[in-house]
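Visitor: Contents of upload06.txt (compact mmCIF, C-alpha atoms and all ligand atoms) are given next:
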# COMPACT_ATOMS: atom_id res chain seq x y z
CA MET N 17 77.85 -0.72 -56.19
CA SER N 18 80.12 -2.25 -58.81
CA SER N 19 83.58 -3.16 -57.64
CA ASN N 20 85.00 -0.23 -59.64
CA SER N 21 82.80 2.32 -57.98
CA LYS N 22 83.53 0.72 -54.62
CA THR N 23 87.22 1.30 -55.23
CA LEU N 24 86.52 4.89 -56.26
CA PHE N 25 84.41 5.46 -53.16
CA PHE N 26 87.17 4.03 -51.02
CA PHE N 27 89.75 6.36 -52.60
CA LEU N 28 87.54 9.43 -52.15
CA ALA N 29 86.98 8.49 -48.52
CA ILE N 30 90.73 8.25 -47.93
CA LEU N 31 91.28 11.61 -49.66
CA TYR N 32 88.57 13.21 -47.56
CA PHE N 33 89.85 11.90 -44.23
CA SER N 34 93.45 12.70 -44.98
CA SER N 35 92.55 16.31 -45.87
CA VAL N 36 90.49 16.66 -42.69
CA SER N 37 93.43 15.45 -40.62
CA ALA N 38 95.77 17.80 -42.56
CA ILE N 39 93.58 20.73 -41.52
CA ALA N 40 93.59 19.56 -37.92
CA GLU N 41 97.37 19.29 -38.09
CA ASN N 42 97.66 22.85 -39.37
CA GLU N 43 95.76 24.11 -36.37
CA ASP N 44 97.90 22.05 -34.05
CA PRO N 45 101.48 21.73 -35.22
CA GLY N 46 102.32 19.90 -31.96
CA LEU N 47 105.72 20.57 -30.50
CA VAL N 48 108.16 22.37 -32.80
CA MET N 49 111.57 23.98 -32.57
CA ASN N 50 111.38 27.63 -31.57
CA TYR N 51 107.59 27.73 -31.31
CA TYR N 52 107.71 31.36 -30.11
CA ARG N 53 109.70 32.58 -33.14
CA ASP N 54 106.92 34.99 -34.18
CA SER N 55 104.81 35.39 -31.04
CA CYS N 56 107.70 36.13 -28.64
CA PRO N 57 111.04 35.97 -30.41
CA GLN N 58 113.05 36.75 -27.26
CA ALA N 59 111.36 34.04 -25.16
CA GLU N 60 114.18 31.49 -25.15
CA ASP N 61 116.82 34.19 -24.52
CA ILE N 62 114.83 35.62 -21.61
CA ILE N 63 114.55 32.19 -20.00
CA LYS N 64 118.26 31.57 -20.46
CA GLU N 65 119.16 34.95 -19.01
CA GLN N 66 116.90 34.46 -15.98
CA VAL N 67 118.23 30.94 -15.36
CA GLN N 68 121.79 32.30 -15.43
CA LEU N 69 120.96 35.24 -13.12
CA LEU N 70 119.22 32.95 -10.64
CA TYR N 71 122.08 30.46 -10.81
CA LYS N 72 124.56 33.19 -9.89
CA ARG N 73 122.57 33.98 -6.76
CA HIS N 74 121.40 30.48 -5.81
CA LYS N 75 123.35 27.63 -7.37
CA ASN N 76 120.78 25.08 -6.23
CA THR N 77 118.09 26.54 -8.52
CA ALA N 78 119.68 24.52 -11.34
CA PHE N 79 119.21 21.28 -9.37
CA SER N 80 115.54 22.16 -9.01
CA TRP N 81 115.03 22.83 -12.72
CA LEU N 82 116.55 19.44 -13.47
CA ARG N 83 114.41 17.60 -10.92
CA ASN N 84 111.27 19.47 -12.10
CA ILE N 85 111.40 18.04 -15.62
CA PHE N 86 111.29 14.51 -14.19
CA HIS N 87 108.53 15.17 -11.68
CA ASP N 88 106.32 17.05 -14.13
CA CYS N 89 106.85 15.22 -17.43
CA PHE N 90 106.97 11.71 -15.96
CA VAL N 91 103.50 12.02 -14.45
CA GLU N 92 101.36 11.60 -17.59
CA SER N 93 102.26 14.86 -19.31
CA CYS N 94 104.61 17.84 -19.42
CA ASP N 95 101.82 20.23 -18.47
CA ALA N 96 103.28 22.10 -15.46
CA SER N 97 100.73 20.43 -13.19
CA LEU N 98 103.64 20.07 -10.76
CA LEU N 99 103.71 23.85 -10.25
CA LEU N 100 100.08 24.27 -9.12
CA ASP N 101 99.37 25.16 -5.51
CA SER N 102 96.91 23.16 -3.43
CA THR N 103 93.30 24.30 -3.63
CA ARG N 104 90.43 23.62 -1.27
CA ARG N 105 89.51 20.61 -3.40
CA MET N 106 92.85 19.30 -4.54
CA LEU N 107 96.24 18.58 -2.96
CA SER N 108 99.15 19.89 -5.00
CA GLU N 109 101.77 17.54 -6.44
CA LYS N 110 104.40 19.63 -4.67
CA GLU N 111 103.02 18.60 -1.29
CA THR N 112 103.09 14.84 -1.82
CA ASP N 113 105.75 12.64 -0.24
CA ARG N 114 107.38 11.87 -3.62
CA SER N 115 108.10 15.60 -4.02
CA PHE N 116 109.93 15.70 -0.71
CA GLY N 117 112.75 18.25 -0.74
CA MET N 118 111.69 20.01 -3.95
CA ARG N 119 112.48 23.70 -3.73
CA ASN N 120 112.84 27.02 -5.56
CA PHE N 121 109.34 27.05 -7.04
CA ARG N 122 109.06 30.77 -6.36
CA TYR N 123 111.90 31.43 -8.80
CA ILE N 124 109.85 29.87 -11.60
CA GLU N 125 107.56 32.84 -11.01
CA THR N 126 110.57 35.15 -11.39
CA ILE N 127 111.19 33.70 -14.86
CA LYS N 128 107.49 33.83 -15.73
CA GLU N 129 107.27 37.50 -14.66
CA ALA N 130 110.21 38.40 -16.91
CA LEU N 131 108.38 36.79 -19.84
CA GLU N 132 105.06 38.41 -18.96
CA ARG N 133 106.74 41.84 -19.04
CA GLU N 134 107.92 41.19 -22.59
CA CYS N 135 105.09 39.09 -24.06
CA PRO N 136 102.06 38.88 -21.76
CA GLY N 137 100.03 35.69 -21.95
CA VAL N 138 102.16 33.99 -24.58
CA VAL N 139 104.70 31.63 -23.04
CA SER N 140 103.41 28.59 -21.13
CA CYS N 141 104.66 27.52 -17.73
CA SER N 142 105.26 24.03 -19.10
CA ASP N 143 107.67 25.42 -21.73
CA ILE N 144 109.35 27.50 -19.00
CA LEU N 145 109.71 24.36 -16.90
CA VAL N 146 111.27 22.42 -19.79
CA LEU N 147 113.55 25.19 -21.07
CA SER N 148 114.74 26.11 -17.56
CA ALA N 149 115.77 22.45 -17.15
CA ARG N 150 117.68 22.66 -20.43
CA ASP N 151 119.50 25.84 -19.38
CA GLY N 152 120.02 24.54 -15.84
CA ILE N 153 121.73 21.44 -17.26
CA VAL N 154 124.15 23.72 -19.14
CA ALA N 155 124.82 25.79 -15.99
CA LEU N 156 125.77 22.54 -14.21
CA GLY N 157 128.29 21.66 -16.92
CA GLY N 158 126.01 19.23 -18.76
CA PRO N 159 125.28 19.13 -22.49
CA TYR N 160 123.19 21.68 -24.38
CA ILE N 161 120.05 19.83 -25.50
CA PRO N 162 117.93 21.43 -28.27
CA LEU N 163 114.29 21.00 -27.21
CA LYS N 164 110.96 21.68 -28.87
CA THR N 165 108.32 24.05 -27.51
CA GLY N 166 104.60 24.69 -27.90
CA ARG N 167 103.37 22.99 -24.72
CA ARG N 168 100.30 24.37 -22.98
CA ASP N 169 99.46 24.27 -19.30
CA GLY N 170 97.13 21.81 -17.61
CA ARG N 171 94.44 22.96 -15.22
CA LYS N 172 94.56 20.26 -12.60
CA SER N 173 96.90 18.62 -10.14
CA ARG N 174 97.81 15.00 -10.81
CA ALA N 175 98.63 14.32 -7.17
CA ASP N 176 96.09 11.50 -7.01
CA ILE N 177 97.91 9.37 -9.62
CA LEU N 178 101.45 10.56 -8.99
CA GLU N 179 102.58 7.42 -7.15
CA GLN N 180 101.53 5.23 -10.07
CA HIS N 181 104.24 6.98 -12.07
CA LEU N 182 107.05 8.32 -9.90
CA PRO N 183 109.05 5.48 -8.33
CA ASP N 184 109.86 5.57 -4.62
CA HIS N 185 113.45 5.76 -3.33
CA ASN N 186 113.42 1.99 -2.70
CA GLU N 187 111.52 0.82 -5.82
CA SER N 188 112.71 -2.39 -7.49
CA MET N 189 114.67 -1.99 -10.71
CA SER N 190 112.04 -4.00 -12.59
CA VAL N 191 109.35 -1.48 -11.71
CA VAL N 192 111.66 1.46 -12.49
CA LEU N 193 112.58 0.06 -15.92
CA GLU N 194 108.97 -0.75 -16.73
CA ARG N 195 107.71 2.72 -15.86
CA PHE N 196 110.33 4.43 -17.99
CA ALA N 197 109.70 1.97 -20.83
CA ASN N 198 106.04 3.05 -20.72
CA ILE N 199 107.06 6.48 -21.96
CA GLY N 200 109.61 5.20 -24.47
CA ILE N 201 112.81 5.42 -22.42
CA ASN N 202 115.03 2.34 -22.63
CA THR N 203 117.53 0.94 -20.12
CA ALA N 204 120.42 3.13 -21.31
CA GLY N 205 118.13 6.14 -20.99
CA VAL N 206 117.12 5.24 -17.42
CA VAL N 207 120.76 4.80 -16.41
CA ALA N 208 121.62 8.16 -17.97
CA LEU N 209 118.72 10.01 -16.32
CA LEU N 210 119.60 8.73 -12.87
CA GLY N 211 122.93 10.48 -13.49
CA ALA N 212 121.00 13.59 -12.40
CA HIS N 213 121.78 12.32 -8.89
CA SER N 214 125.28 13.58 -9.55
CA VAL N 215 124.12 16.93 -8.14
CA GLY N 216 122.04 18.08 -5.20
CA ARG N 217 121.20 16.45 -1.93
CA THR N 218 119.19 13.73 -0.21
CA HIS N 219 117.58 14.40 3.16
CA CYS N 220 118.20 12.03 6.05
CA VAL N 221 114.54 10.93 6.13
CA LYS N 222 115.13 9.18 2.79
CA LEU N 223 118.33 7.51 4.04
CA VAL N 224 117.98 6.51 7.67
CA HIS N 225 116.42 3.13 6.90
CA ARG N 226 119.81 2.22 5.36
CA LEU N 227 121.63 3.23 8.56
CA TYR N 228 119.31 2.27 11.43
CA PRO N 229 118.69 -0.06 13.22
CA GLU N 230 121.49 -1.74 11.24
CA VAL N 231 123.76 -0.39 8.58
CA ASP N 232 122.97 -1.78 5.12
CA PRO N 233 125.95 -4.09 4.49
CA ALA N 234 125.91 -3.13 0.81
CA LEU N 235 127.11 0.38 1.70
CA ASN N 236 130.79 1.32 1.46
CA PRO N 237 132.03 1.56 5.11
CA ALA N 238 133.95 4.77 4.39
CA HIS N 239 130.74 6.34 3.12
CA VAL N 240 128.72 5.02 6.06
CA GLU N 241 130.91 7.04 8.40
CA HIS N 242 130.07 10.23 6.54
CA MET N 243 126.36 9.37 6.32
CA LEU N 244 126.17 8.68 10.08
CA TYR N 245 127.91 11.97 10.76
CA LYS N 246 125.37 13.83 8.60
CA CYS N 247 122.37 11.82 9.83
CA PRO N 248 123.00 11.17 13.53
CA ASP N 249 119.38 10.40 14.44
CA ALA N 250 117.42 7.28 13.51
CA ILE N 251 114.31 9.44 13.32
CA PRO N 252 115.43 12.77 11.93
CA ASP N 253 113.71 15.90 13.11
CA PRO N 254 111.51 16.73 10.10
CA LYS N 255 112.14 20.44 10.66
CA ALA N 256 115.93 20.15 10.80
CA VAL N 257 117.58 20.45 7.40
CA GLN N 258 119.75 17.35 7.59
CA TYR N 259 120.99 15.90 4.36
CA VAL N 260 123.87 14.23 2.54
CA ARG N 261 125.20 15.51 -0.76
CA ASN N 262 124.48 13.14 -3.62
CA ASP N 263 128.04 13.34 -4.98
CA ARG N 264 130.68 14.42 -2.48
CA GLY N 265 133.36 14.55 -5.16
CA THR N 266 131.81 17.07 -7.57
CA PRO N 267 128.52 18.09 -5.89
CA MET N 268 127.85 21.05 -8.21
CA LYS N 269 128.67 19.33 -11.51
CA LEU N 270 126.46 17.20 -13.69
CA ASP N 271 129.12 14.65 -14.62
CA ASN N 272 129.75 10.91 -14.71
CA ASN N 273 131.25 10.80 -11.21
CA TYR N 274 127.85 9.48 -10.06
CA TYR N 275 128.54 6.20 -11.87
CA ARG N 276 131.93 5.78 -10.22
CA ASN N 277 130.29 6.48 -6.84
CA ILE N 278 127.57 3.89 -7.24
CA LEU N 279 130.07 1.27 -8.49
CA ASP N 280 131.99 2.09 -5.31
CA ASN N 281 128.83 1.36 -3.21
CA LYS N 282 128.41 5.03 -2.36
CA GLY N 283 124.93 5.36 -3.87
CA LEU N 284 122.61 7.02 -1.34
CA LEU N 285 119.23 5.71 -2.42
CA ILE N 286 118.39 2.04 -2.84
CA VAL N 287 117.57 2.73 -6.50
CA ASP N 288 121.02 4.27 -7.00
CA HIS N 289 122.65 1.21 -5.48
CA GLN N 290 120.54 -1.18 -7.54
CA LEU N 291 121.42 0.63 -10.73
CA ALA N 292 125.05 -0.41 -10.18
CA THR N 293 124.24 -4.01 -9.24
CA ASP N 294 121.27 -5.09 -11.38
CA LYS N 295 122.53 -7.08 -14.34
CA ARG N 296 120.33 -5.20 -16.79
CA THR N 297 121.68 -1.77 -15.83
CA LYS N 298 125.24 -2.48 -14.66
CA PRO N 299 126.80 -2.69 -18.16
CA PHE N 300 125.50 0.83 -18.91
CA VAL N 301 126.68 2.13 -15.53
CA LYS N 302 130.19 0.86 -16.31
CA LYS N 303 130.15 2.42 -19.76
CA MET N 304 128.97 5.78 -18.44
CA ALA N 305 131.54 5.68 -15.62
CA LYS N 306 134.20 5.40 -18.32
CA SER N 307 132.83 7.83 -20.87
CA GLN N 308 131.32 11.21 -20.09
CA ASP N 309 130.54 11.58 -23.82
CA TYR N 310 128.49 8.42 -23.82
CA PHE N 311 126.67 9.54 -20.64
CA PHE N 312 125.88 12.95 -22.16
CA LYS N 313 124.69 11.43 -25.44
CA GLU N 314 122.25 9.08 -23.71
CA PHE N 315 121.25 11.75 -21.21
CA ALA N 316 120.37 14.20 -24.00
CA ARG N 317 118.34 11.57 -25.83
CA ALA N 318 116.39 10.58 -22.69
CA ILE N 319 115.72 14.19 -21.63
CA THR N 320 114.36 14.85 -25.12
CA THR N 321 111.95 11.90 -24.88
CA LEU N 322 110.93 12.91 -21.35
CA SER N 323 110.29 16.50 -22.45
CA GLU N 324 107.98 15.33 -25.25
CA ASN N 325 105.82 13.07 -23.08
CA ASN N 326 102.18 13.59 -23.99
CA PRO N 327 102.08 17.40 -24.14
CA LEU N 328 98.97 19.55 -24.36
CA THR N 329 99.21 21.43 -27.66
CA GLY N 330 97.02 23.39 -30.07
CA THR N 331 93.85 24.44 -28.30
CA LYS N 332 94.17 22.06 -25.34
CA GLY N 333 94.97 23.48 -21.92
CA GLU N 334 95.79 27.14 -21.42
CA ILE N 335 98.61 29.64 -21.01
CA ARG N 336 98.69 30.30 -17.29
CA LYS N 337 99.13 33.87 -16.09
CA GLN N 338 100.91 32.70 -12.97
CA CYS N 339 102.60 29.32 -12.81
CA ASN N 340 101.25 28.34 -9.40
CA LEU N 341 97.59 29.00 -10.31
CA ALA N 342 95.25 27.83 -13.04
CA ASN N 343 93.58 30.80 -14.77
CA LYS N 344 90.19 31.90 -13.50
CA LEU N 345 87.39 30.95 -15.88
CA HIS N 346 84.93 33.76 -16.54
C1 LIG B 401 113.83 6.02 -9.96
C2 LIG B 401 113.82 7.28 -10.15
C3 LIG B 401 114.11 8.32 -9.11
C4 LIG B 401 113.91 8.31 -7.75
C5 LIG B 401 113.30 7.21 -6.90
C6 LIG B 401 114.38 9.58 -7.25
C7 LIG B 401 114.33 9.97 -5.92
C8 LIG B 401 114.95 11.10 -5.40
C9 LIG B 401 115.03 11.42 -4.00
C10 LIG B 401 114.43 10.61 -2.86
C11 LIG B 401 115.75 12.58 -3.88
C12 LIG B 401 116.12 13.31 -2.59
C13 LIG B 401 115.16 14.42 -2.25
C14 LIG B 401 115.51 15.11 -0.97
O1 LIG B 401 115.73 14.43 0.04
O2 LIG B 401 115.59 16.36 -0.96
C15 LIG B 401 116.10 12.99 -5.22
C16 LIG B 401 116.83 14.13 -5.53
C17 LIG B 401 117.06 14.58 -6.81
N1 LIG B 401 116.60 13.97 -7.98
FE1 LIG B 401 115.78 12.13 -8.12
N2 LIG B 401 114.85 10.34 -8.28
C18 LIG B 401 114.71 9.61 -9.43
C19 LIG B 401 115.03 10.01 -10.71
C20 LIG B 401 115.45 11.28 -11.04
C21 LIG B 401 115.53 11.81 -12.38
C22 LIG B 401 115.15 11.02 -13.64
C23 LIG B 401 115.96 13.10 -12.28
C24 LIG B 401 116.20 14.12 -13.36
C25 LIG B 401 116.37 13.85 -14.63
C26 LIG B 401 116.19 13.37 -10.87
C27 LIG B 401 116.71 14.54 -10.36
C28 LIG B 401 116.99 14.76 -9.03
C29 LIG B 401 117.75 15.90 -8.55
C30 LIG B 401 118.40 16.99 -9.40
C31 LIG B 401 117.80 15.79 -7.15
C32 LIG B 401 118.45 16.77 -6.16
C33 LIG B 401 117.46 17.86 -5.84
C34 LIG B 401 117.97 18.98 -4.92
O3 LIG B 401 119.08 18.91 -4.39
O4 LIG B 401 117.19 19.94 -4.75
N3 LIG B 401 115.84 12.25 -10.16
N4 LIG B 401 115.59 12.07 -6.13
C1 LIG B 402 109.98 1.94 0.89
O1 LIG B 402 110.11 2.93 1.86
C2 LIG B 402 108.90 3.39 2.44
C3 LIG B 402 109.22 4.50 3.42
O2 LIG B 402 109.79 5.58 2.75
C4 LIG B 402 108.19 2.21 3.12
O3 LIG B 402 106.96 2.62 3.63
C5 LIG B 402 108.00 1.07 2.11
O4 LIG B 402 107.46 -0.05 2.76
C6 LIG B 402 109.31 0.69 1.45
N1 LIG B 402 109.06 -0.26 0.39
C7 LIG B 402 109.79 -1.33 0.19
C8 LIG B 402 109.44 -2.18 -0.99
O5 LIG B 402 110.70 -1.66 0.94
Would you mind writing the structure in this file as structure tokens?
Ligand code: HEM
Ligand SMILES: *[C@@H]1O[C@H](CO)[C@@H](O)[C@H](O)[C@H]1NC(C)=O

Guide:
Amino acid sequence: MSSNSKTLFFFLAILYFSSVSAIAENEDPGLVMNYYRDSCPQAEDIIKEQVQLLYKRHKNTAFSWLRNIFHDCFVESCDASLLLDSTRRMLSEKETDRSFGMRNFRYIETIKEALERECPGVVSCSDILVLSARDGIVALGGPYIPLKTGRRDGRKSRADILEQHLPDHNESMSVVLERFANIGINTAGVVALLGAHSVGRTHCVKLVHRLYPEVDPALNPAHVEHMLYKCPDAIPDPKAVQYVRNDRGTPMKLDNNYYRNILDNKGLLIVDHQLATDKRTKPFVKKMAKSQDYFFKEFARAITTLSENNPLTGTKGEIRKQCNLANKLH
């Protein structure tokens, strides 16, 4: 070929491949705002209404929706794999140690059923999981965060790789920062997301190693007294519901009181405490302790990134009929 015809060939090849990818993009628009605009226009309102109804009856449902988005989206993909029950072959994510204390899964089904009545087979459990977190955050007094939709549901549990992603209660800050960086969340984002520990509870089993055999000297003595009162046994009875509230000041509010607590050495988990002491994170902790606006701004940005982690879109995955079960294949 002459050099001219080579150039022409090259151009045609580029044109061809870019049109092929344009067609593929048309079939799979990825995540978009208001994905259900035509297929189920009421979807987002139904989710909001259900979240508010459930919140009226059980305030702690909102804590669960907030924790769900972390435990589902952080483990490779926002694909509602968290919600699947165990099968004969596979342990569910819900039953692993990292999911300890997670609750209210049956009320996800309540939301799903309301959607199925209106638009059967249209709205994915992964979008329900993400949008319920958004509306739960608002119920707790946090910011309204516009989020995209169009996720589809995975078919398998990720329990086997869960620990490679979700940090443990005593993980080093270096590992925590690295894992969040892997999905595009920077230090400010990590500090903001941990602000979720401004609501809810921590069971004694996750705390007793800071109290027994010796009290962790890093803990605020005034807080130790309360923790010992709530967790009187070095080996808590796994069946007894013994726990300490994450934020005694405003336990039902998603606010920046968490940052003042951890600066005051009242962080319950080792990761909470380290957030306030590690020199990479401390400047952000101080800034968020001072400014709720700054906390909310970074929190909204990080939740958005988390919610867009590696979704199944287009023809990948499925729309589950029930959130705790993958569909039967015929
Ligand atoms: C380094 C990262 C994190 C670790 C090690 C961690 C660990 C934990 C642990 C051990 C509990 C107590 C569970 C129990 O005893 O019932 C907990 C509770 C909670 N976590 Fe995290 N977490 C982390 C990050 C996050 C993030 C990013 C969010 C949300 C954006 C979140 C939301 C929550 C909520 C809302 C609760 C309270 C749940 C309830 O009361 O039902 N956590 N976390
Ligand atoms: C973290 O705590 C678990 C128990 O929950 C323990 O098995 C593990 O050794 C601890 N890891 C570190 C680094 O201290």

Visitor: Could I get the residue neighbourhood of ligand LIG 402 (chain B) at 7 Å, counting only C-alpha atoms and all ligand atoms, as an MDAnalysis selection string?

Guide: chainID N and resid 184:187 222

Visitor: Counting only C-alpha atoms, which of N:Leu163, N:Ile85, N:Val207, N:Leu98 gets nearest to Thr112 in chain N?

Guide: N:Leu98

Visitor: Which residues sit within 6 Å of ligand LIG 401 (chain B), counting all atoms listed in the file, listed as a PyMOL selection string?

Guide: chain N and resi 79-80+82-83+86+116-118+183-185+192+209-210+212-213+215-219+222

Visitor: Give me the residues within 7 Å of range 312-327 of chain N as number ranges by chain, counting only C-alpha atoms and dropping any in the same chain fewer than 4 places off.

Guide: N: 89-90, 92-95, 146, 159, 161, 163, 167, 199, 201, 204-205, 208-209, 308

Visitor: I'd like to know which of N:Arg133, N:Arg195, N:His181, N:Arg119 is closest to Asp88 in chain N, using only C-alpha atoms.

Guide: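 Closest candidate: N:His181.
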
Visitor: Write out as a PDB file with C-alpha atoms, in the frame of the given file the residues lying within 10 Å of Ser115 in chain N, counting all atoms listed in the file and excluding same-chain residues fewer than 6 positions away.

Guide:
ATOM      1  CA  ARG N  83     114.410  17.600 -10.920  1.00  0.00           C
ATOM      2  CA  ASN N  84     111.270  19.470 -12.100  1.00  0.00           C
ATOM      3  CA  HIS N  87     108.530  15.170 -11.680  1.00  0.00           C
ATOM      4  CA  LEU N  98     103.640  20.070 -10.760  1.00  0.00           C
ATOM      5  CA  SER N 108      99.150  19.890  -5.000  1.00  0.00           C
ATOM      6  CA  GLU N 109     101.770  17.540  -6.440  1.00  0.00           C
ATOM      7  CA  LEU N 178     101.450  10.560  -8.990  1.00  0.00           C
ATOM      8  CA  LEU N 182     107.050   8.320  -9.900  1.00  0.00           C
TER       9      LEU N 182
END

Visitor: Which of these residues is nearest to Asp113 in chain N, using only C-alpha atoms: N:Ile278, N:Ala175, N:Leu47, N:Leu193?

Guide: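 Ranking N:Ile278, N:Ala175, N:Leu47, N:Leu193 by distance to Asp113 in chain N, first place goes to N:Ala175.
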
Visitor: Just checking: using all atoms listed in the file, which residue out of N:Lys306, N:Arg114, N:Arg53, N:Arg105 ends up closest to Glu179 in chain N?

Guide: N:Arg114

Visitor: Please compute the CA of Ala197 in chain N-CA of Gln290 in chain N distance, one decimal, in Å.

Guide: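 Here the two named atoms are 17.4 Å from each other.
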
Visitor: Using all atoms listed in the file, which of the listed residues (N:Gly170, N:Pro248, N:Pro57, N:Gly200) sits closest to Ser97 in chain N?

Guide: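 Among the listed residues, N:Gly170 lies closest to Ser97 in chain N.
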
Visitor: Which polymer residues, whether protein, DNA or RNA, lie within 7 Å of the coordinate (98.4, 33.8, -21.4) when you count all atoms listed in the file? List them as a PyMOL selection string, using the chain letters and numbers from the file.

Guide: chain N and resi 136-139+335-337

Visitor: Which is closest to Val206 in chain N among N:Leu285, N:Met304, N:Val240, N:Ile153, if we use only C-alpha atoms?

Guide: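 Under the stated criterion, the closest residue is N:Met304.
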
Visitor: Leaving out Ala59 in chain N and any residue of its chain fewer than 6 positions from it, which residues lie within 12 Å of it when counting only C-alpha atoms, given as a VMD selection string?

Guide: chain N and resid 50 to 53 65 to 66 127 to 141 143 to 144 147 to 148 165 to 166

Visitor: To box range 208-220 of chain N, take all atoms listed in the file, fit an axis-aligned box, add 6 Å on each side, and give centre and edge lengths in Å to one decimal, as AutoDock Vina command-line options.

Guide:
--center_x 121.4 --center_y 13.1 --center_z -6.0 --size_x 19.7 --size_y 21.9 --size_z 36.0

Visitor: Please measure the separation of CA of Gly330 in chain N and CA of Lys172 in chain N, giving the value in Å to one decimal.

Guide: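 So the two atoms, CA of Gly330 in chain N and CA of Lys172 in chain N, lie 17.9 Å apart.
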
Visitor: Within 12 Å of Asp294 in chain N, counting all atoms listed in the file, which residues qualify if same-chain residues fewer than 3 places away don't, as a CSV table (one decimal) with C-alpha atoms, in the coordinates of the input?

Guide:
chain,number,residue,atom,x,y,z
N,188,SER,CA,112.7,-2.4,-7.5
N,189,MET,CA,114.7,-2.0,-10.7
N,190,SER,CA,112.0,-4.0,-12.6
N,192,VAL,CA,111.7,1.5,-12.5
N,193,LEU,CA,112.6,0.1,-15.9
N,203,THR,CA,117.5,0.9,-20.1
N,207,VAL,CA,120.8,4.8,-16.4
N,278,ILE,CA,127.6,3.9,-7.2
N,279,LEU,CA,130.1,1.3,-8.5
N,286,ILE,CA,118.4,2.0,-2.8
N,287,VAL,CA,117.6,2.7,-6.5
N,288,ASP,CA,121.0,4.3,-7.0
N,289,HIS,CA,122.6,1.2,-5.5
N,290,GLN,CA,120.5,-1.2,-7.5
N,291,LEU,CA,121.4,0.6,-10.7
N,297,THR,CA,121.7,-1.8,-15.8
N,298,LYS,CA,125.2,-2.5,-14.7
N,299,PRO,CA,126.8,-2.7,-18.2
N,300,PHE,CA,125.5,0.8,-18.9
N,301,VAL,CA,126.7,2.1,-15.5
N,302,LYS,CA,130.2,0.9,-16.3

Visitor: Quick one: pull the distance between CA of Asn281 in chain N and CA of Met243 in chain N, Å, one decimal.

Guide: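 Straight-line distance from CA of Asn281 in chain N to CA of Met243 in chain N works out to 12.7 Å.
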
Visitor: Would you mind listing what lies within 7 Å of Gly152 in chain N as a list in words, with only C-alpha atoms counted and same-chain residues fewer than 2 positions away left out?

Guide: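 These residues fall inside the cut-off: Val67, Ala78, Trp81, Leu82, Ser148, Ala149, Arg150, Val154, Ala155 and Leu156 of chain N.
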
Visitor: Only C-alpha atoms, please: the residues just picked out, written as an mmCIF file, keeping the file's coordinate frame.

Guide:
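Produced file part31.cif, reproduced below:
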data_model
loop_
_atom_site.group_PDB
_atom_site.id
_atom_site.type_symbol
_atom_site.label_atom_id
_atom_site.label_comp_id
_atom_site.auth_asym_id
_atom_site.auth_seq_id
_atom_site.Cartn_x
_atom_site.Cartn_y
_atom_site.Cartn_z
ATOM 1 C CA VAL N 67 118.230 30.940 -15.360
ATOM 2 C CA ALA N 78 119.680 24.520 -11.340
ATOM 3 C CA TRP N 81 115.030 22.830 -12.720
ATOM 4 C CA LEU N 82 116.550 19.440 -13.470
ATOM 5 C CA SER N 148 114.740 26.110 -17.560
ATOM 6 C CA ALA N 149 115.770 22.450 -17.150
ATOM 7 C CA ARG N 150 117.680 22.660 -20.430
ATOM 8 C CA VAL N 154 124.150 23.720 -19.140
ATOM 9 C CA ALA N 155 124.820 25.790 -15.990
ATOM 10 C CA LEU N 156 125.770 22.540 -14.210
#
